[in-house]
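**Q** Following this line is model.cif, made up of mmCIF, C-alpha atoms:
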```
data_model
#
loop_
_atom_site.label_atom_id
_atom_site.label_comp_id
_atom_site.auth_asym_id
_atom_site.auth_seq_id
_atom_site.Cartn_x
_atom_site.Cartn_y
_atom_site.Cartn_z
CA MET A 577 -83.98 67.88 -110.57
CA LYS A 578 -80.68 66.06 -110.24
CA ILE A 579 -77.32 67.66 -109.49
CA GLY A 580 -74.11 66.18 -110.86
CA ILE A 581 -71.08 66.33 -108.60
CA ILE A 582 -67.81 66.23 -110.51
CA ASN A 583 -65.32 63.81 -108.96
CA TYR A 584 -61.73 64.53 -109.91
CA GLY A 585 -59.93 62.48 -107.31
CA ALA A 586 -59.01 63.75 -103.89
CA GLY A 587 -61.82 65.87 -102.61
CA ASN A 588 -64.42 65.87 -99.92
CA LEU A 589 -67.60 65.21 -101.85
CA ALA A 590 -69.53 64.20 -98.74
CA SER A 591 -70.24 67.71 -97.47
CA VAL A 592 -71.46 69.03 -100.83
CA ILE A 593 -73.63 65.95 -101.35
CA ASN A 594 -75.01 66.19 -97.80
CA ALA A 595 -75.91 69.86 -98.32
CA ILE A 596 -77.70 69.23 -101.63
CA GLU A 597 -79.55 66.15 -100.45
CA LYS A 598 -80.67 67.94 -97.30
CA LEU A 599 -82.31 70.50 -99.61
CA GLY A 600 -84.28 67.62 -101.11
CA TYR A 601 -82.44 67.16 -104.43
CA LYS A 602 -80.84 64.05 -105.87
CA THR A 603 -77.15 63.88 -106.71
CA GLU A 604 -75.00 61.79 -109.02
CA ILE A 605 -71.23 61.56 -108.75
CA ILE A 606 -69.79 62.22 -112.20
CA GLN A 607 -66.52 60.58 -113.23
CA GLN A 608 -67.08 60.27 -116.97
CA SER A 609 -68.27 62.83 -119.50
CA GLU A 610 -71.16 60.62 -120.71
CA GLN A 611 -72.80 60.98 -117.30
CA ILE A 612 -73.41 64.72 -117.75
CA ILE A 613 -76.52 63.95 -119.78
CA ASN A 614 -78.10 62.43 -116.63
CA VAL A 615 -78.08 65.65 -114.63
CA ASP A 616 -79.70 69.09 -114.76
CA LYS A 617 -77.00 71.12 -113.05
CA ILE A 618 -73.37 70.57 -112.19
CA VAL A 619 -71.24 71.29 -109.13
CA ILE A 620 -67.44 71.21 -109.29
CA PRO A 621 -66.42 70.82 -105.64
CA GLY A 622 -63.18 72.14 -104.37
CA VAL A 623 -60.48 70.43 -102.45
CA GLY A 624 -57.20 69.44 -104.02
CA HIS A 625 -54.44 70.58 -106.34
CA ALA A 626 -55.15 72.47 -109.60
CA GLY A 627 -52.60 70.53 -111.65
CA ARG A 628 -53.79 67.16 -110.51
CA ALA A 629 -57.45 68.16 -110.90
CA MET A 630 -56.97 69.36 -114.51
CA MET A 631 -54.94 66.26 -115.39
CA ASN A 632 -57.79 64.12 -114.12
CA LEU A 633 -60.47 66.20 -115.92
CA ASN A 634 -58.50 66.10 -119.19
CA GLU A 635 -57.94 62.35 -119.01
CA SER A 636 -61.60 61.59 -118.35
CA GLY A 637 -62.77 63.96 -121.10
CA LEU A 638 -64.70 65.90 -118.47
CA ALA A 639 -62.73 69.08 -119.19
CA ASN A 640 -64.12 69.35 -122.73
CA ALA A 641 -67.58 68.29 -121.61
CA LEU A 642 -67.63 71.03 -118.96
CA LYS A 643 -66.38 73.65 -121.43
CA SER A 644 -69.10 72.90 -123.99
CA SER A 645 -71.91 72.22 -121.50
CA LYS A 646 -74.79 74.70 -121.38
CA LYS A 647 -75.98 73.37 -118.01
CA PRO A 648 -75.72 75.73 -115.05
CA THR A 649 -72.45 74.90 -113.32
CA LEU A 650 -71.17 75.99 -109.92
CA GLY A 651 -67.48 75.75 -109.09
CA ILE A 652 -66.58 75.77 -105.41
CA CYS A 653 -63.13 76.96 -104.23
CA LEU A 654 -60.66 75.10 -106.48
CA GLY A 655 -63.70 74.39 -108.68
CA MET A 656 -64.08 78.14 -109.24
CA GLN A 657 -60.35 78.58 -109.87
CA LEU A 658 -60.45 75.87 -112.53
CA MET A 659 -62.91 78.02 -114.49
CA GLY A 660 -60.15 80.57 -115.21
CA LYS A 661 -57.46 80.46 -117.90
CA TYR A 662 -54.40 79.60 -115.91
CA SER A 663 -53.31 78.78 -112.35
CA ASP A 664 -49.92 79.30 -110.72
CA GLU A 665 -50.59 76.11 -108.78
CA GLY A 666 -48.61 73.56 -110.76
CA ASN A 667 -48.47 76.00 -113.77
CA THR A 668 -51.79 74.69 -114.93
CA GLU A 669 -53.88 75.50 -118.00
CA CYS A 670 -57.45 75.55 -116.68
CA LEU A 671 -60.88 75.30 -118.32
CA GLY A 672 -60.79 78.91 -119.56
CA VAL A 673 -64.53 79.54 -119.47
CA MET A 674 -63.70 82.83 -117.77
CA ASN A 675 -60.91 85.25 -118.40
CA PHE A 676 -59.00 85.31 -115.09
CA ASN A 677 -55.76 83.87 -113.77
CA VAL A 678 -55.12 82.28 -110.40
CA ASN A 679 -52.12 83.46 -108.40
CA LYS A 680 -50.49 82.42 -105.16
CA LEU A 681 -51.44 84.64 -102.23
CA ASP A 682 -48.41 86.79 -101.55
CA ILE A 683 -49.26 88.68 -98.37
CA ASN A 684 -47.98 89.16 -94.84
CA LEU A 685 -51.08 87.71 -93.19
CA LYS A 686 -51.27 83.99 -92.48
CA ILE A 687 -51.66 81.64 -95.43
CA PRO A 688 -53.91 79.77 -96.20
CA HIS A 689 -56.62 82.39 -95.98
CA MET A 690 -58.57 80.15 -93.66
CA GLY A 691 -61.63 80.96 -91.64
CA TRP A 692 -64.67 83.19 -91.73
CA ASN A 693 -64.54 86.44 -93.69
CA ARG A 694 -67.20 88.86 -94.92
CA ILE A 695 -68.16 89.22 -98.56
CA GLU A 696 -69.31 92.32 -100.37
CA ILE A 697 -71.82 91.15 -102.94
CA ALA A 698 -73.24 92.46 -106.22
CA PRO A 699 -76.83 91.70 -107.27
CA ASN A 700 -77.02 88.19 -108.72
CA PRO A 701 -79.57 85.37 -108.50
CA LEU A 702 -76.94 83.39 -106.57
CA PHE A 703 -77.18 85.90 -103.71
CA THR A 704 -80.97 86.16 -103.46
CA GLY A 705 -81.83 86.69 -99.79
CA ILE A 706 -78.17 86.98 -98.75
CA PRO A 707 -77.33 90.18 -96.86
CA ASN A 708 -74.28 92.19 -97.86
CA ASN A 709 -71.20 91.55 -95.66
CA THR A 710 -72.31 88.03 -94.79
CA TRP A 711 -69.69 85.83 -93.12
CA VAL A 712 -68.61 82.82 -95.18
CA TYR A 713 -65.92 80.19 -94.75
CA PHE A 714 -62.75 80.32 -96.85
CA VAL A 715 -59.79 77.95 -97.15
CA HIS A 716 -57.32 78.71 -99.92
CA SER A 717 -53.70 79.63 -100.66
CA TYR A 718 -54.22 80.65 -104.31
CA TYR A 719 -56.64 83.37 -105.29
CA VAL A 720 -58.33 85.25 -108.08
CA GLY A 721 -57.95 89.03 -108.09
CA GLU A 722 -60.44 91.60 -109.32
CA ASN A 723 -61.88 90.71 -112.73
CA LYS A 724 -64.86 91.59 -114.86
CA ASN A 725 -66.81 88.43 -113.99
CA SER A 726 -66.55 89.12 -110.28
CA ILE A 727 -69.84 89.29 -108.34
CA ALA A 728 -68.40 89.29 -104.79
CA LYS A 729 -65.19 90.20 -103.06
CA CYS A 730 -63.58 90.06 -99.66
CA ASN A 731 -60.60 91.70 -98.07
CA TYR A 732 -57.62 89.83 -96.67
CA GLU A 733 -54.76 92.32 -96.91
CA THR A 734 -55.49 92.26 -100.62
CA SER A 735 -58.82 92.24 -102.45
CA ILE A 736 -59.88 88.66 -103.15
CA CYS A 737 -62.54 87.77 -105.67
CA ALA A 738 -65.11 85.73 -103.73
CA ALA A 739 -67.53 84.83 -106.53
CA VAL A 740 -67.83 84.99 -110.32
CA ASN A 741 -70.54 84.53 -112.93
CA ARG A 742 -70.43 84.36 -116.70
CA GLY A 743 -73.27 82.83 -118.70
CA ASN A 744 -74.13 79.43 -117.25
CA TYR A 745 -71.01 79.34 -115.08
CA TRP A 746 -70.89 80.44 -111.44
CA GLY A 747 -67.99 80.13 -109.06
CA VAL A 748 -67.48 80.80 -105.35
CA GLN A 749 -64.08 80.95 -103.68
CA PHE A 750 -65.56 80.18 -100.27
CA HIS A 751 -67.22 76.92 -99.21
CA PRO A 752 -71.00 77.48 -99.12
CA GLU A 753 -71.47 73.94 -97.80
CA LYS A 754 -69.40 74.98 -94.76
CA SER A 755 -70.79 78.48 -94.36
CA GLY A 756 -73.79 77.81 -92.16
CA GLU A 757 -77.36 78.65 -93.12
CA TYR A 758 -76.48 81.45 -95.56
CA GLY A 759 -74.10 79.09 -97.33
CA ILE A 760 -76.87 76.54 -97.70
CA GLN A 761 -79.10 79.33 -99.05
CA ILE A 762 -76.48 80.08 -101.73
CA ILE A 763 -76.48 76.42 -102.82
CA LYS A 764 -80.29 76.48 -102.85
CA ASN A 765 -80.21 79.66 -104.96
CA PHE A 766 -77.88 78.01 -107.45
CA ILE A 767 -80.19 75.02 -107.76
CA GLU A 768 -83.45 76.94 -107.88
CA LEU A 769 -82.62 80.31 -109.43
CA CYS A 770 -79.46 80.14 -111.55
CA GLU A 771 -80.20 79.32 -115.20
CA MET B 1112 -60.40 90.51 -91.90
CA LEU B 1113 -60.89 87.01 -90.63
CA SER B 1114 -62.99 86.47 -87.56
CA LYS B 1115 -61.53 84.76 -84.52
CA ARG B 1116 -62.96 81.26 -84.36
CA ILE B 1117 -64.73 79.59 -81.44
CA ILE B 1118 -64.39 75.82 -81.60
CA PRO B 1119 -66.22 73.45 -79.27
CA CYS B 1120 -64.43 70.14 -78.92
CA LEU B 1121 -66.18 66.83 -78.41
CA ASP B 1122 -64.19 63.96 -76.93
CA VAL B 1123 -66.00 60.86 -78.10
CA LYS B 1124 -65.67 57.50 -76.39
CA ASN B 1125 -67.68 54.54 -77.64
CA GLY B 1126 -70.22 56.84 -79.27
CA ARG B 1127 -70.72 59.24 -76.32
CA THR B 1128 -69.27 62.66 -75.58
CA VAL B 1129 -67.12 62.66 -72.46
CA LYS B 1130 -65.06 65.27 -70.65
CA GLY B 1131 -62.33 64.90 -68.07
CA VAL B 1132 -59.73 66.87 -66.15
CA ASN B 1133 -56.13 66.64 -67.38
CA PHE B 1134 -57.37 63.97 -69.80
CA ASN B 1135 -58.74 61.80 -66.91
CA ASN B 1136 -61.87 61.35 -64.75
CA LEU B 1137 -64.32 61.24 -67.63
CA ALA B 1138 -67.89 62.48 -67.17
CA ASP B 1139 -70.66 61.81 -69.69
CA ALA B 1140 -71.62 64.90 -71.70
CA GLY B 1141 -74.23 63.53 -74.07
CA ASP B 1142 -74.88 62.37 -77.62
CA PRO B 1143 -72.20 63.84 -79.91
CA VAL B 1144 -74.55 64.28 -82.88
CA GLU B 1145 -77.10 66.22 -80.82
CA LEU B 1146 -74.35 68.25 -79.21
CA ALA B 1147 -72.70 69.02 -82.57
CA TYR B 1148 -76.03 70.21 -83.97
CA ARG B 1149 -76.68 72.35 -80.91
CA TYR B 1150 -73.27 74.06 -81.20
CA TYR B 1151 -73.83 74.58 -84.93
CA THR B 1152 -77.13 76.37 -84.33
CA GLN B 1153 -75.60 78.41 -81.49
CA GLY B 1154 -72.97 79.83 -83.84
CA ALA B 1155 -69.88 77.66 -83.37
CA ASP B 1156 -67.39 78.44 -86.15
CA GLU B 1157 -65.98 74.93 -86.35
CA LEU B 1158 -66.07 71.71 -84.41
CA VAL B 1159 -63.44 69.21 -83.37
CA LEU B 1160 -64.29 65.58 -82.67
CA LEU B 1161 -61.65 63.52 -80.95
CA ASP B 1162 -61.93 59.77 -80.74
CA ILE B 1163 -60.68 58.63 -77.39
CA SER B 1164 -62.01 55.06 -77.63
CA ALA B 1165 -59.28 52.53 -77.18
CA THR B 1166 -61.04 49.59 -78.82
CA LEU B 1167 -61.59 48.64 -82.43
CA GLU B 1168 -65.34 48.57 -81.81
CA GLY B 1169 -65.18 52.10 -80.40
CA ARG B 1170 -63.30 53.26 -83.49
CA GLU B 1171 -65.95 51.84 -85.81
CA THR B 1172 -68.61 53.67 -83.80
CA PHE B 1173 -66.60 56.88 -84.20
CA ALA B 1174 -66.63 56.65 -88.01
CA LYS B 1175 -70.42 56.38 -87.82
CA VAL B 1176 -70.59 59.40 -85.49
CA VAL B 1177 -68.50 61.41 -88.00
CA GLU B 1178 -70.92 60.50 -90.77
CA ASP B 1179 -73.95 61.48 -88.69
CA VAL B 1180 -72.38 64.76 -87.56
CA ALA B 1181 -71.52 65.65 -91.18
CA ARG B 1182 -75.21 65.30 -92.07
CA VAL B 1183 -76.48 67.76 -89.48
CA ILE B 1184 -73.96 70.63 -89.57
CA ALA B 1185 -72.75 73.04 -92.27
CA ILE B 1186 -69.53 74.25 -90.69
CA PRO B 1187 -66.04 72.76 -90.98
CA PHE B 1188 -65.05 70.02 -88.61
CA THR B 1189 -61.84 68.31 -87.68
CA VAL B 1190 -61.50 64.75 -86.46
CA GLY B 1191 -58.63 63.22 -84.58
CA GLY B 1192 -57.52 60.62 -82.09
CA GLY B 1193 -55.18 57.79 -82.94
CA ILE B 1194 -54.97 58.45 -86.69
CA ARG B 1195 -51.81 56.79 -88.07
CA THR B 1196 -52.38 55.93 -91.73
CA ILE B 1197 -53.55 57.48 -95.00
CA THR B 1198 -56.27 54.80 -95.16
CA GLU B 1199 -57.75 56.04 -91.89
CA VAL B 1200 -57.52 59.64 -93.11
CA ASP B 1201 -59.28 58.77 -96.33
CA LYS B 1202 -62.06 56.95 -94.50
CA LEU B 1203 -62.72 59.88 -92.15
CA LEU B 1204 -62.69 62.47 -94.94
CA LYS B 1205 -65.08 60.34 -96.97
CA ALA B 1206 -67.31 60.14 -93.91
CA GLY B 1207 -67.57 63.94 -94.17
CA ALA B 1208 -64.78 65.38 -92.00
CA ASP B 1209 -62.90 68.38 -93.43
CA LYS B 1210 -59.62 68.08 -91.58
CA VAL B 1211 -57.76 65.48 -89.59
CA SER B 1212 -55.73 66.15 -86.51
CA LEU B 1213 -52.51 64.23 -85.87
CA ASN B 1214 -50.71 64.08 -82.57
CA THR B 1215 -48.49 61.17 -81.48
CA ALA B 1216 -48.38 59.75 -85.01
CA ALA B 1217 -46.96 63.03 -86.33
CA ILE B 1218 -44.23 63.00 -83.68
CA GLN B 1219 -43.28 59.44 -84.55
CA ASN B 1220 -43.60 59.88 -88.29
CA PRO B 1221 -43.60 63.53 -89.45
CA ALA B 1222 -43.67 62.34 -93.08
CA LEU B 1223 -47.32 61.45 -92.51
CA ILE B 1224 -48.03 65.21 -92.37
CA SER B 1225 -46.58 65.76 -95.85
CA GLN B 1226 -48.23 62.65 -97.25
CA ILE B 1227 -51.65 63.93 -96.20
CA ALA B 1228 -50.84 67.48 -97.34
CA GLU B 1229 -49.78 66.28 -100.78
CA ILE B 1230 -52.90 64.24 -101.36
CA TYR B 1231 -55.56 66.35 -99.69
CA GLY B 1232 -53.89 69.74 -99.24
CA SER B 1233 -52.35 71.42 -96.20
CA GLN B 1234 -55.70 72.79 -95.12
CA CYS B 1235 -56.61 69.20 -94.27
CA VAL B 1236 -53.85 68.58 -91.74
CA VAL B 1237 -53.97 69.90 -88.22
CA VAL B 1238 -51.02 69.01 -86.03
CA ALA B 1239 -52.03 68.82 -82.39
CA ILE B 1240 -49.29 69.64 -79.91
CA ASP B 1241 -49.83 68.88 -76.23
CA ALA B 1242 -47.47 70.81 -74.00
CA ALA B 1243 -47.01 70.34 -70.28
CA LEU B 1244 -45.36 72.62 -67.77
CA ILE B 1245 -42.73 70.52 -66.04
CA GLU B 1246 -40.46 72.15 -63.46
CA GLY B 1247 -41.19 75.59 -64.84
CA ARG B 1248 -40.57 74.77 -68.46
CA TRP B 1249 -42.84 73.69 -71.31
CA VAL B 1250 -42.24 70.35 -72.99
CA VAL B 1251 -44.18 68.44 -75.61
CA VAL B 1252 -45.97 65.36 -74.29
CA SER B 1253 -47.35 62.49 -76.35
CA HIS B 1254 -49.63 59.46 -76.01
CA ALA B 1255 -52.48 61.55 -74.54
CA GLY B 1256 -50.13 63.21 -72.10
CA THR B 1257 -48.70 60.03 -70.63
CA GLN B 1258 -45.22 60.34 -72.14
CA THR B 1259 -42.75 63.20 -72.08
CA THR B 1260 -40.76 63.86 -75.24
CA ASN B 1261 -37.58 65.88 -75.66
CA LEU B 1262 -39.25 68.16 -78.21
CA ASN B 1263 -39.45 71.90 -77.76
CA GLN B 1264 -42.96 73.05 -78.68
CA LEU B 1265 -41.84 75.92 -80.93
CA GLU B 1266 -39.24 73.87 -82.80
CA TRP B 1267 -41.75 71.07 -83.26
CA ALA B 1268 -44.44 73.47 -84.47
CA LEU B 1269 -42.05 75.05 -87.00
CA LYS B 1270 -41.07 71.60 -88.23
CA ALA B 1271 -44.73 70.57 -88.55
CA GLN B 1272 -45.38 73.74 -90.55
CA GLU B 1273 -42.47 72.90 -92.83
CA PHE B 1274 -43.83 69.38 -93.35
CA GLY B 1275 -47.09 70.90 -94.55
CA ALA B 1276 -49.35 71.27 -91.52
CA GLY B 1277 -52.16 73.73 -92.19
CA GLU B 1278 -52.85 74.56 -88.56
CA ILE B 1279 -51.50 73.92 -85.08
CA LEU B 1280 -53.82 72.89 -82.28
CA LEU B 1281 -51.90 73.78 -79.16
CA THR B 1282 -53.20 72.22 -75.96
CA SER B 1283 -51.81 73.10 -72.60
CA TYR B 1284 -51.96 69.72 -70.96
CA SER B 1285 -51.30 71.33 -67.60
CA SER B 1286 -54.42 73.50 -67.78
CA ASP B 1287 -56.73 71.13 -69.69
CA GLY B 1288 -60.02 70.72 -67.84
CA THR B 1289 -58.98 73.03 -64.99
CA GLN B 1290 -60.92 76.08 -66.27
CA ALA B 1291 -58.06 78.21 -64.92
CA GLY B 1292 -57.28 79.95 -68.22
CA PHE B 1293 -55.39 79.25 -71.45
CA ALA B 1294 -51.60 79.11 -71.62
CA VAL B 1295 -51.45 82.64 -73.03
CA GLU B 1296 -47.70 83.19 -73.31
CA LEU B 1297 -47.15 79.77 -74.82
CA THR B 1298 -49.85 80.44 -77.41
CA ALA B 1299 -48.38 83.86 -78.24
CA GLN B 1300 -44.93 82.30 -78.67
CA LEU B 1301 -46.20 79.88 -81.28
CA SER B 1302 -48.63 82.21 -83.00
CA SER B 1303 -46.10 84.98 -83.53
CA ASN B 1304 -43.49 82.61 -84.95
CA LEU B 1305 -45.69 80.60 -87.32
CA LYS B 1306 -47.20 81.39 -90.72
CA ILE B 1307 -50.10 79.02 -90.09
CA PRO B 1308 -53.01 79.57 -87.69
CA VAL B 1309 -52.82 78.48 -84.06
CA ILE B 1310 -55.80 77.14 -82.16
CA ALA B 1311 -55.42 77.58 -78.40
CA SER B 1312 -56.82 74.85 -76.20
CA GLY B 1313 -56.89 73.80 -72.60
CA GLY B 1314 -58.09 75.75 -69.59
CA ALA B 1315 -61.03 77.84 -70.82
CA GLY B 1316 -63.16 78.80 -67.82
CA THR B 1317 -64.46 82.33 -68.36
CA LYS B 1318 -65.23 84.70 -71.23
CA ASP B 1319 -62.21 86.76 -70.20
CA HIS B 1320 -59.98 83.74 -70.75
CA PHE B 1321 -61.07 83.73 -74.40
CA LEU B 1322 -60.56 87.47 -74.70
CA GLU B 1323 -57.06 87.17 -73.25
CA VAL B 1324 -55.97 84.33 -75.52
CA PHE B 1325 -57.21 86.22 -78.60
CA THR B 1326 -55.53 89.49 -77.62
CA ASN B 1327 -52.36 88.78 -75.61
CA GLY B 1328 -52.18 85.17 -76.79
CA LYS B 1329 -52.58 86.13 -80.49
CA ALA B 1330 -54.58 82.94 -81.06
CA ASP B 1331 -56.47 82.57 -84.34
CA ALA B 1332 -59.03 80.29 -82.76
CA ALA B 1333 -59.87 79.00 -79.31
CA LEU B 1334 -61.09 75.54 -78.49
CA ALA B 1335 -62.97 74.45 -75.40
CA ALA B 1336 -65.12 71.58 -74.21
CA GLY B 1337 -66.30 71.54 -70.60
CA VAL B 1338 -67.44 75.18 -70.37
CA PHE B 1339 -69.71 74.60 -73.37
CA HIS B 1340 -70.88 71.06 -72.57
CA PHE B 1341 -71.94 71.87 -69.05
CA GLY B 1342 -73.52 75.20 -69.96
CA LYS B 1343 -71.11 77.47 -68.09
CA ILE B 1344 -70.65 79.70 -71.16
CA GLY B 1345 -73.02 80.01 -74.13
CA ILE B 1346 -71.43 80.41 -77.55
CA GLY B 1347 -73.74 83.28 -78.48
CA GLU B 1348 -73.08 85.26 -75.30
CA LEU B 1349 -69.32 84.58 -75.63
CA LYS B 1350 -69.26 85.97 -79.15
CA ARG B 1351 -71.28 89.02 -78.17
CA TYR B 1352 -68.88 89.65 -75.31
CA LEU B 1353 -65.83 89.31 -77.56
CA THR B 1354 -67.31 91.57 -80.24
CA LYS B 1355 -68.10 94.22 -77.62
CA SER B 1356 -64.50 93.93 -76.40
CA GLY B 1357 -63.17 94.62 -79.90
CA VAL B 1358 -62.45 91.07 -81.07
CA GLU B 1359 -63.89 90.40 -84.53
CA CYS B 1360 -66.35 87.48 -84.34
CA ARG B 1361 -68.93 86.00 -86.66
CA ASN B 1362 -72.33 86.77 -85.18
#
```
Represent the supplied structure as structure tokens.
**A**
Amino acid sequence: MKIGIINYGAGNLASVINAIEKLGYKTEIIQQSEQIINVDKIVIPGVGHAGRAMMNLNESGLANALKSSKKPTLGICLGMQLMGKYSDEGNTECLGVMNFNVNKLDINLKIPHMGWNRIEIAPNPLFTGIPNNTWVYFVHSYYVGENKNSIAKCNYETSICAAVNRGNYWGVQFHPEKSGEYGIQIIKNFIELCE
Amino acid sequence: MLSKRIIPCLDVKNGRTVKGVNFNNLADAGDPVELAYRYYTQGADELVLLDISATLEGRETFAKVVEDVARVIAIPFTVGGGIRTITEVDKLLKAGADKVSLNTAAIQNPALISQIAEIYGSQCVVVAIDAALIEGRWVVVSHAGTQTTNLNQLEWALKAQEFGAGEILLTSYSSDGTQAGFAVELTAQLSSNLKIPVIASGGAGTKDHFLEVFTNGKADAALAAGVFHFGKIGIGELKRYLTKSGVECRN
């Protein structure tokens, strides 16, 4: 099994790649849509700016490839946000494989929502072996609210959608690659159980 | 609610962890990769690695240490020490670091903060502020504490926030390595006036010091080195103590 890691410019690919390779799987960094054929599953990692990321994905043709792909795909942080219809960040049209919008966090607590928070999870193969209220690591200033594809949420003054799933697409707002052993388990679940 | 974060800090010189008092008198504290892994398994919420090598050779070694640390831990980590250019930032992030910490370079060239924030996001930029108590009043010091500036710590922190810093790492230079307690009032002053998180550093000696800086000091995170390296406080026991005292921690 080989996991494709989408590269859309500025982003820390090293930690996602390290986490996957430590689990014993191969990775390939994907910059062009033709490469998708080489991999079994896809991860869209998440550091950067929505507008810039979508511009890059549109230019490389990866946006269309990701939209039509039937391969299990996991979006992390910004990668999850890109799966929605629209993001306030740079007024960006996103991939639209799920029906949610991304808004700027407008709360009194400190922004970004950065650090460890607990997630309330719904049954999903992605969360096999993960206890409810597990601590995971978040870093984000834009967020997805409650929506019908939500499979996890957390509370930070407002209710934040922490994970989504629709068909072959999964997304997590937190960084599983930075969330200790349970985070690694979530990545393992995506690779081994999410079809 | 977010948990309060406990952050061990590793000062790395020529590939080894060292620890001093008031930034001097360095004692060897072991292999940074082994130490990083140990703190990860003990429940550290994040790590900070500071390069204090002065030579080019030492700096090359540091990049390798960053890469090796990234392979063994699955928690966020910040790197810092002498970073002045986007090229250096890019290299360290590609080596696997999540955030970079700027100190003297940010004072000399605050635009560097916004350059990094624009390319990599604010969450990537930590601005480290070293403050020293001189004749009863706090001032910002630079160049690893060897030079006094005319900056006021709060004004500087607010400016750094405006330039796009994602976090402030506030070190009390006067208490660093003394284990006599954090600069609680100073931390509270910054934390209550900023929108971004404040990491308190310098002076951790007892579990109560942590409790105090999280409650009265309003710190979002607390950083320490010596008390962890030399086994005076265990991360697990510290977190259990804090949780029992009503401070939300990840256990």
**Q** Would you list the contacts of stretch 661-669 of chain A as a list in words, taking every protein, DNA or RNA residue within 10 Å and counting all atoms listed in the file, but skipping same-chain residues closer than 5 positions in sequence?
**A** His625, Ala626, Gly627, Arg628, Ala629, Met630, Met631, Met674, Asn675, Phe676, Asn677, Val678, Asn679, Lys680, Ser717, Tyr718, Tyr719 and Val720 of chain A
**Q** Determine the residue set returned by the PyMOL selection byres ((chain B and resi 1121-1129) around 9) for the present structure, and present it as number ranges by chain.
**A** B: 1119-1120, 1130-1131, 1137-1143, 1146-1147, 1158-1166, 1168-1173, 1175-1176, 1335-1336, 1340
**Q** Which residues, written as a list in words, have at least one atom at most 8 Å from B:Glu1359, with all atoms listed in the file counted and residues fewer than 6 positions away on the same chain left out?
**A**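 So the residues in contact are Leu1113, Ser1114, Lys1115 and Leu1353 of chain B.
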**Q** Could you list, with a cut-off of 7 Å and counting all atoms listed in the file, the residues of chain A near chain B, each shown with its nearest atom pair and the distance in Å rounded to one decimal, rows sorted by chain and ascending number, as CSV?
**A**
```
residue,atom,partner,partner_atom,distance
A:Ala586,CA,B:Tyr1231,CA,6.0
A:Gly587,CA,B:Tyr1231,CA,6.9
A:Asn588,CA,B:Leu1204,CA,6.3
A:Ala590,CA,B:Gly1207,CA,5.0
A:Ser591,CA,B:Gly1207,CA,5.7
A:Asn594,CA,B:Arg1182,CA,5.8
A:Val623,CA,B:Tyr1231,CA,7.0
A:Gly624,CA,B:Tyr1231,CA,5.6
A:Lys686,CA,B:Lys1306,CA,5.1
A:Ile687,CA,B:Ile1307,CA,6.1
A:Gly691,CA,B:Leu1113,CA,6.2
A:Trp692,CA,B:Leu1113,CA,5.5
A:Asn693,CA,B:Leu1113,CA,4.8
A:Trp711,CA,B:Arg1361,CA,6.5
A:Val715,CA,B:Gln1234,CA,6.9
A:Asn731,CA,B:Met1112,CA,6.3
A:Tyr732,CA,B:Met1112,CA,5.6
A:Glu753,CA,B:Ala1185,CA,5.7
A:Lys754,CA,B:Ile1186,CA,4.1
A:Ser755,CA,B:Ile1186,CA,5.7
A:Gly756,CA,B:Ala1185,CA,4.9
```
**Q** Atoms to include: C-alpha atoms. Write the selected residues as a compact mmCIF listing (two decimals), in the coordinates of the input.
**A**
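What ended up in result24.txt:
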```txt
# COMPACT_ATOMS: atom_id res chain seq x y z
CA ALA A 586 -59.01 63.75 -103.89
CA GLY A 587 -61.82 65.87 -102.61
CA ASN A 588 -64.42 65.87 -99.92
CA ALA A 590 -69.53 64.20 -98.74
CA SER A 591 -70.24 67.71 -97.47
CA ASN A 594 -75.01 66.19 -97.80
CA VAL A 623 -60.48 70.43 -102.45
CA GLY A 624 -57.20 69.44 -104.02
CA LYS A 686 -51.27 83.99 -92.48
CA ILE A 687 -51.66 81.64 -95.43
CA GLY A 691 -61.63 80.96 -91.64
CA TRP A 692 -64.67 83.19 -91.73
CA ASN A 693 -64.54 86.44 -93.69
CA TRP A 711 -69.69 85.83 -93.12
CA VAL A 715 -59.79 77.95 -97.15
CA ASN A 731 -60.60 91.70 -98.07
CA TYR A 732 -57.62 89.83 -96.67
CA GLU A 753 -71.47 73.94 -97.80
CA LYS A 754 -69.40 74.98 -94.76
CA SER A 755 -70.79 78.48 -94.36
CA GLY A 756 -73.79 77.81 -92.16
```
**Q** Rounded to one decimal in Å, what is the spacing between atom CA of B:Tyr1150 and atom CA of B:Lys1343?
**A**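 About the pair atom CA of B:Tyr1150 and atom CA of B:Lys1343: they are 13.7 Å apart.
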**Q** What gap, in Å, lies between atom CA of A:Ile581 and atom CA of A:Asn708?
**A**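 The value is 28.2 Å.
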**Q** For the atom pair atom CA of B:Glu1296 and atom CA of B:Arg1351, what is the interatomic distance in Å to one decimal place?
**A**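 A separation of 24.8 Å between them.
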**Q** Using only the atoms of stretch 1278-1284 of chain B listed in the file, plus 5 Å on each side, state the axis-aligned box centre and edge lengths in Å rounded to one decimal, as JSON.
**A**
```
{"center_x": -52.7, "center_y": 72.1, "center_z": -79.8, "size_x": 12.3, "size_y": 14.8, "size_z": 27.6}
```
